[in-house]
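Chemist: Input file: work_10.csv. Contents: CSV, C-alpha atoms.
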```
chain,number,residue,atom,x,y,z
A,265,MET,CA,20.2,32.6,14.6
A,266,ALA,CA,16.9,30.9,13.9
A,267,ASP,CA,16.2,27.4,15.0
A,268,LEU,CA,16.0,25.2,11.8
A,269,ARG,CA,14.5,22.1,13.4
A,270,PRO,CA,11.0,21.3,12.2
A,271,SER,CA,8.4,21.8,14.9
A,272,VAL,CA,5.9,19.1,15.7
A,273,TYR,CA,2.6,20.7,16.3
A,274,ARG,CA,0.1,18.7,18.3
A,275,ALA,CA,-3.3,20.1,18.7
A,276,PRO,CA,-4.6,19.9,22.3
A,277,ARG,CA,-7.9,18.1,22.8
A,278,GLN,CA,-10.1,18.2,25.8
A,279,SER,CA,-11.3,14.8,27.0
A,280,GLY,CA,-14.7,14.1,28.7
A,281,ASP,CA,-13.3,14.6,32.2
A,282,GLY,CA,-11.9,18.1,31.4
A,283,GLU,CA,-8.3,17.0,31.0
A,284,VAL,CA,-6.4,18.4,28.1
A,285,THR,CA,-4.6,15.7,26.0
A,286,VAL,CA,-2.1,16.1,23.2
A,287,GLN,CA,-2.8,14.2,19.9
A,288,SER,CA,0.2,13.0,18.1
A,289,LYS,CA,0.7,13.0,14.3
A,290,HIS,CA,1.5,10.1,12.0
A,291,SER,CA,5.2,9.5,11.3
A,292,GLY,CA,6.4,10.7,7.9
A,293,LEU,CA,8.7,7.7,7.7
A,294,GLY,CA,5.7,5.4,8.3
A,295,ILE,CA,3.6,7.1,5.6
A,296,ALA,CA,6.5,6.9,3.2
A,297,ALA,CA,7.0,3.2,4.1
A,298,PHE,CA,3.3,2.4,3.5
A,299,ALA,CA,3.2,4.3,0.2
A,300,LEU,CA,6.3,2.7,-1.1
A,301,GLY,CA,5.1,-0.7,0.1
A,302,ILE,CA,1.8,-0.3,-1.9
A,303,PHE,CA,3.8,0.9,-4.9
A,304,ASN,CA,6.1,-2.1,-4.7
A,305,LEU,CA,3.2,-4.6,-4.4
A,306,LEU,CA,1.5,-3.1,-7.4
A,307,ALA,CA,4.8,-3.0,-9.3
A,308,LEU,CA,5.3,-6.7,-8.5
A,309,PHE,CA,1.9,-7.7,-9.8
A,310,VAL,CA,2.5,-5.7,-13.0
A,311,LEU,CA,5.9,-7.3,-13.4
A,312,LEU,CA,4.5,-10.8,-13.0
A,313,ALA,CA,1.7,-10.0,-15.5
A,314,VAL,CA,4.2,-8.7,-18.0
A,315,ALA,CA,6.5,-11.6,-17.5
A,316,GLY,CA,3.6,-14.0,-18.0
A,317,TYR,CA,2.5,-12.3,-21.1
A,318,LEU,CA,6.0,-12.3,-22.5
A,319,GLU,CA,6.5,-16.0,-21.7
A,320,GLY,CA,3.4,-16.8,-23.7
A,321,SER,CA,3.8,-14.4,-26.6
A,322,VAL,CA,7.5,-14.6,-27.4
A,323,PRO,CA,8.4,-17.7,-29.4
A,324,GLY,CA,10.4,-20.0,-27.1
A,325,GLY,CA,9.5,-18.0,-24.0
A,326,LEU,CA,11.7,-15.8,-22.0
A,327,GLY,CA,14.5,-18.4,-21.7
A,328,ASN,CA,15.4,-17.9,-25.4
A,329,ASN,CA,15.4,-14.1,-25.3
A,330,GLU,CA,18.2,-13.1,-23.0
A,331,SER,CA,17.6,-9.3,-23.2
A,332,LEU,CA,13.9,-9.6,-22.2
A,333,ALA,CA,14.8,-12.0,-19.4
A,334,MET,CA,17.5,-9.6,-18.2
A,335,ALA,CA,15.1,-6.7,-18.2
A,336,VAL,CA,12.5,-8.6,-16.2
A,337,GLY,CA,15.2,-9.7,-13.7
A,338,LEU,CA,16.5,-6.1,-13.4
A,339,VAL,CA,13.0,-4.7,-12.6
A,340,ALA,CA,12.5,-7.5,-10.1
A,341,MET,CA,15.8,-6.6,-8.4
A,342,LEU,CA,14.7,-2.9,-8.3
A,343,VAL,CA,11.4,-3.9,-6.7
A,344,MET,CA,13.2,-6.0,-4.1
A,345,ALA,CA,15.6,-3.1,-3.3
A,346,LEU,CA,12.6,-0.7,-2.9
A,347,CYS,CA,11.0,-3.3,-0.7
A,348,LEU,CA,14.0,-3.3,1.6
A,349,LEU,CA,14.0,0.5,1.6
A,350,ALA,CA,10.3,0.5,2.6
A,351,LEU,CA,11.1,-2.0,5.3
A,352,GLY,CA,13.8,0.2,6.7
A,353,LEU,CA,11.5,3.2,6.6
A,354,GLY,CA,8.9,1.3,8.4
A,355,ILE,CA,11.3,0.2,11.1
A,356,GLY,CA,12.5,3.8,11.4
A,357,GLY,CA,8.9,5.0,11.8
A,358,CYS,CA,8.3,2.4,14.5
A,359,VAL,CA,11.1,3.6,16.7
A,360,GLN,CA,10.0,7.2,16.6
A,361,LYS,CA,8.4,7.7,20.0
A,362,GLN,CA,6.5,10.9,19.5
A,363,TYR,CA,4.5,9.7,16.4
A,364,LYS,CA,1.7,7.2,15.7
A,365,LYS,CA,3.0,3.9,14.4
A,366,VAL,CA,0.0,2.7,12.3
A,367,PHE,CA,1.4,3.5,8.9
A,368,ALA,CA,4.9,2.3,9.8
A,369,ILE,CA,3.5,-1.1,10.9
A,370,LEU,CA,1.3,-1.3,7.7
A,371,GLY,CA,4.4,-0.4,5.6
A,372,ILE,CA,6.4,-3.2,7.3
A,373,VAL,CA,3.5,-5.7,6.7
A,374,VAL,CA,3.0,-4.8,3.1
A,375,SER,CA,6.7,-4.8,2.3
A,376,GLY,CA,7.2,-8.1,4.1
A,377,LEU,CA,4.3,-9.6,2.1
A,378,THR,CA,5.7,-8.3,-1.2
A,379,ILE,CA,9.1,-9.8,-0.3
A,380,MET,CA,7.5,-13.2,0.6
A,381,ILE,CA,5.5,-13.2,-2.7
A,382,MET,CA,8.6,-12.4,-4.7
A,383,ILE,CA,10.6,-15.2,-3.0
A,384,GLY,CA,7.8,-17.6,-3.4
A,385,THR,CA,7.5,-16.8,-7.1
A,386,ILE,CA,11.3,-17.3,-7.5
A,387,LEU,CA,11.2,-20.7,-5.7
A,388,LEU,CA,8.1,-21.7,-7.8
A,389,GLY,CA,10.0,-20.8,-11.0
A,390,MET,CA,13.0,-22.8,-9.9
A,391,SER,CA,11.0,-25.9,-9.1
A,392,VAL,CA,9.2,-25.9,-12.4
A,393,SER,CA,12.2,-25.6,-14.6
```
Would you put the structure from the file into structure tokens?
Modeler:
Amino acid sequence: MADLRPSVYRAPRQSGDGEVTVQSKHSGLGIAAFALGIFNLLALFVLLAVAGYLEGSVPGGLGNNESLAMAVGLVAMLVMALCLLALGLGIGGCVQKQYKKVFAILGIVVSGLTIMIMIGTILLGMSVS
């Protein structure tokens, strides 16, 4: 029976003193966390721009139009859920020992920043109204 586990290939490199070292690859979880974190950050900015446009263009604002406010809130909850997923992927990428952790750490930072911006926006909206 064939071994179905994916193999991790690390190309050997020769250092200046003649010693052969093995170069590790980036974590797939870390790359996914970073890509999802960037997507979430862009989605949040688009969501805030659309919400601001709707607030200014709809008579009475979003408060009087329940269906638009519900749609904006639903998309905000989806972005928050995807941020938490990206955060989990980043943590998973950080605990993998055989891979580089750069993208996993970047994914955690970007997702954390997106969550903080979202919470700050919610708190700002609550304090204004």
Chemist: Measuring between all atoms listed in the file, which one of A:Val322, A:Leu311, A:Ile369, A:Leu388 shows the shortest distance to Met341 (chain A)?
Modeler: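 Looking at the shortest contact to Met341 (chain A), the residue is A:Leu311.
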Chemist: So the first atom is CA of Ser331 (chain A) and the second is CA of Leu305 (chain A); what is the distance between them in Å, to one decimal place?
Modeler: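 Between CA of Ser331 (chain A) and CA of Leu305 (chain A) the gap works out to 24.1 Å.
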Chemist: With a distance cut-off of 12 Å and only C-alpha atoms, select the neighbouring residues of region 373-380 of chain A, excluding the residue or stretch itself and same-chain residues fewer than 2 positions from it, and output the selection as a PyMOL selection string.
Modeler: chain A and resi 294+296-309+340-355+366-371+382-388
Chemist: Please compute the CA of Gly337 (chain A)-CA of Gly356 (chain A) distance, one decimal, in Å.
Modeler: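 Distance reported for this atom pair: 28.6 Å.
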Chemist: Calculate how many Å separate CA of Leu293 (chain A) from CA of Val339 (chain A), rounding to one decimal.
Modeler: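 Computing it gives 24.2 Å between the two atoms.
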Chemist: Using only C-alpha atoms, determine which residues lie at most 12 Å from Ala333 (chain A), disregarding the query and same-chain residues fewer than 3 positions distant; provide the list as a PDB file with C-alpha atoms, in the coordinates of the input.
Modeler:
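Written output follows (selection_9.pdb):
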```
ATOM      1  CA  LEU A 311       5.900  -7.300 -13.400  1.00  0.00           C
ATOM      2  CA  VAL A 314       4.200  -8.700 -18.000  1.00  0.00           C
ATOM      3  CA  ALA A 315       6.500 -11.600 -17.500  1.00  0.00           C
ATOM      4  CA  GLY A 316       3.600 -14.000 -18.000  1.00  0.00           C
ATOM      5  CA  LEU A 318       6.000 -12.300 -22.500  1.00  0.00           C
ATOM      6  CA  GLU A 319       6.500 -16.000 -21.700  1.00  0.00           C
ATOM      7  CA  VAL A 322       7.500 -14.600 -27.400  1.00  0.00           C
ATOM      8  CA  GLY A 324      10.400 -20.000 -27.100  1.00  0.00           C
ATOM      9  CA  GLY A 325       9.500 -18.000 -24.000  1.00  0.00           C
ATOM     10  CA  LEU A 326      11.700 -15.800 -22.000  1.00  0.00           C
ATOM     11  CA  GLY A 327      14.500 -18.400 -21.700  1.00  0.00           C
ATOM     12  CA  ASN A 328      15.400 -17.900 -25.400  1.00  0.00           C
ATOM     13  CA  ASN A 329      15.400 -14.100 -25.300  1.00  0.00           C
ATOM     14  CA  GLU A 330      18.200 -13.100 -23.000  1.00  0.00           C
ATOM     15  CA  VAL A 336      12.500  -8.600 -16.200  1.00  0.00           C
ATOM     16  CA  GLY A 337      15.200  -9.700 -13.700  1.00  0.00           C
ATOM     17  CA  LEU A 338      16.500  -6.100 -13.400  1.00  0.00           C
ATOM     18  CA  VAL A 339      13.000  -4.700 -12.600  1.00  0.00           C
ATOM     19  CA  ALA A 340      12.500  -7.500 -10.100  1.00  0.00           C
TER      20      ALA A 340
END
```
Chemist: Please output region 303-314 of chain A, rebuilt to include all heavy atoms, as a CSV table (one decimal), keeping the file's coordinate frame.
Modeler:
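What follows is the written file result_32.csv:
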```csv
chain,number,residue,atom,x,y,z
A,303,PHE,N,3.2,0.8,-3.6
A,303,PHE,CA,3.8,0.9,-4.9
A,303,PHE,C,4.5,-0.4,-5.3
A,303,PHE,O,4.4,-0.9,-6.4
A,303,PHE,CB,4.7,2.1,-5.0
A,303,PHE,CG,5.5,2.2,-6.3
A,303,PHE,CD1,4.9,2.6,-7.4
A,303,PHE,CD2,6.8,1.8,-6.3
A,303,PHE,CE1,5.6,2.7,-8.6
A,303,PHE,CE2,7.5,1.8,-7.5
A,303,PHE,CZ,6.9,2.3,-8.6
A,304,ASN,N,5.3,-0.9,-4.4
A,304,ASN,CA,6.1,-2.1,-4.7
A,304,ASN,C,5.2,-3.3,-4.9
A,304,ASN,O,5.4,-4.1,-5.8
A,304,ASN,CB,7.0,-2.5,-3.5
A,304,ASN,CG,8.2,-1.5,-3.4
A,304,ASN,OD1,8.6,-0.9,-4.4
A,304,ASN,ND2,8.7,-1.3,-2.2
A,305,LEU,N,4.1,-3.5,-4.2
A,305,LEU,CA,3.2,-4.6,-4.4
A,305,LEU,C,2.5,-4.5,-5.7
A,305,LEU,O,2.4,-5.5,-6.5
A,305,LEU,CB,2.1,-4.6,-3.3
A,305,LEU,CG,1.2,-5.8,-3.2
A,305,LEU,CD1,2.0,-7.1,-3.0
A,305,LEU,CD2,0.2,-5.6,-2.1
A,306,LEU,N,2.1,-3.3,-6.1
A,306,LEU,CA,1.5,-3.1,-7.4
A,306,LEU,C,2.5,-3.3,-8.5
A,306,LEU,O,2.2,-3.9,-9.6
A,306,LEU,CB,0.9,-1.7,-7.6
A,306,LEU,CG,-0.3,-1.4,-6.7
A,306,LEU,CD1,-0.7,0.1,-6.8
A,306,LEU,CD2,-1.5,-2.3,-7.0
A,307,ALA,N,3.7,-2.8,-8.3
A,307,ALA,CA,4.8,-3.0,-9.3
A,307,ALA,C,5.1,-4.5,-9.5
A,307,ALA,O,5.4,-5.0,-10.6
A,307,ALA,CB,6.1,-2.3,-8.9
A,308,LEU,N,5.1,-5.3,-8.4
A,308,LEU,CA,5.3,-6.7,-8.5
A,308,LEU,C,4.2,-7.4,-9.3
A,308,LEU,O,4.5,-8.3,-10.2
A,308,LEU,CB,5.4,-7.3,-7.1
A,308,LEU,CG,5.7,-8.8,-7.1
A,308,LEU,CD1,7.0,-9.2,-7.7
A,308,LEU,CD2,5.6,-9.3,-5.6
A,309,PHE,N,3.0,-7.1,-9.1
A,309,PHE,CA,1.9,-7.7,-9.8
A,309,PHE,C,2.0,-7.3,-11.3
A,309,PHE,O,1.8,-8.2,-12.2
A,309,PHE,CB,0.5,-7.3,-9.3
A,309,PHE,CG,0.2,-8.1,-8.0
A,309,PHE,CD1,-0.2,-7.4,-6.9
A,309,PHE,CD2,0.4,-9.4,-7.9
A,309,PHE,CE1,-0.5,-8.1,-5.7
A,309,PHE,CE2,0.1,-10.1,-6.8
A,309,PHE,CZ,-0.4,-9.4,-5.7
A,310,VAL,N,2.3,-6.1,-11.6
A,310,VAL,CA,2.5,-5.7,-13.0
A,310,VAL,C,3.7,-6.4,-13.6
A,310,VAL,O,3.6,-6.9,-14.8
A,310,VAL,CB,2.7,-4.1,-13.1
A,310,VAL,CG1,3.2,-3.7,-14.5
A,310,VAL,CG2,1.4,-3.4,-12.8
A,311,LEU,N,4.8,-6.6,-12.9
A,311,LEU,CA,5.9,-7.3,-13.4
A,311,LEU,C,5.6,-8.8,-13.7
A,311,LEU,O,6.0,-9.3,-14.7
A,311,LEU,CB,7.1,-7.2,-12.3
A,311,LEU,CG,8.3,-8.0,-12.7
A,311,LEU,CD1,9.0,-7.4,-13.9
A,311,LEU,CD2,9.2,-8.1,-11.5
A,312,LEU,N,4.9,-9.4,-12.8
A,312,LEU,CA,4.5,-10.8,-13.0
A,312,LEU,C,3.5,-10.9,-14.2
A,312,LEU,O,3.6,-11.9,-14.9
A,312,LEU,CB,3.8,-11.4,-11.7
A,312,LEU,CG,4.8,-11.5,-10.5
A,312,LEU,CD1,4.0,-12.0,-9.3
A,312,LEU,CD2,5.9,-12.5,-10.9
A,313,ALA,N,2.6,-10.0,-14.3
A,313,ALA,CA,1.7,-10.0,-15.5
A,313,ALA,C,2.5,-9.8,-16.8
A,313,ALA,O,2.2,-10.5,-17.8
A,313,ALA,CB,0.6,-8.9,-15.4
A,314,VAL,N,3.4,-8.9,-16.8
A,314,VAL,CA,4.2,-8.7,-18.0
A,314,VAL,C,5.1,-9.9,-18.3
A,314,VAL,O,5.2,-10.3,-19.5
A,314,VAL,CB,5.1,-7.4,-17.9
A,314,VAL,CG1,6.1,-7.3,-19.0
A,314,VAL,CG2,4.2,-6.1,-17.9
```
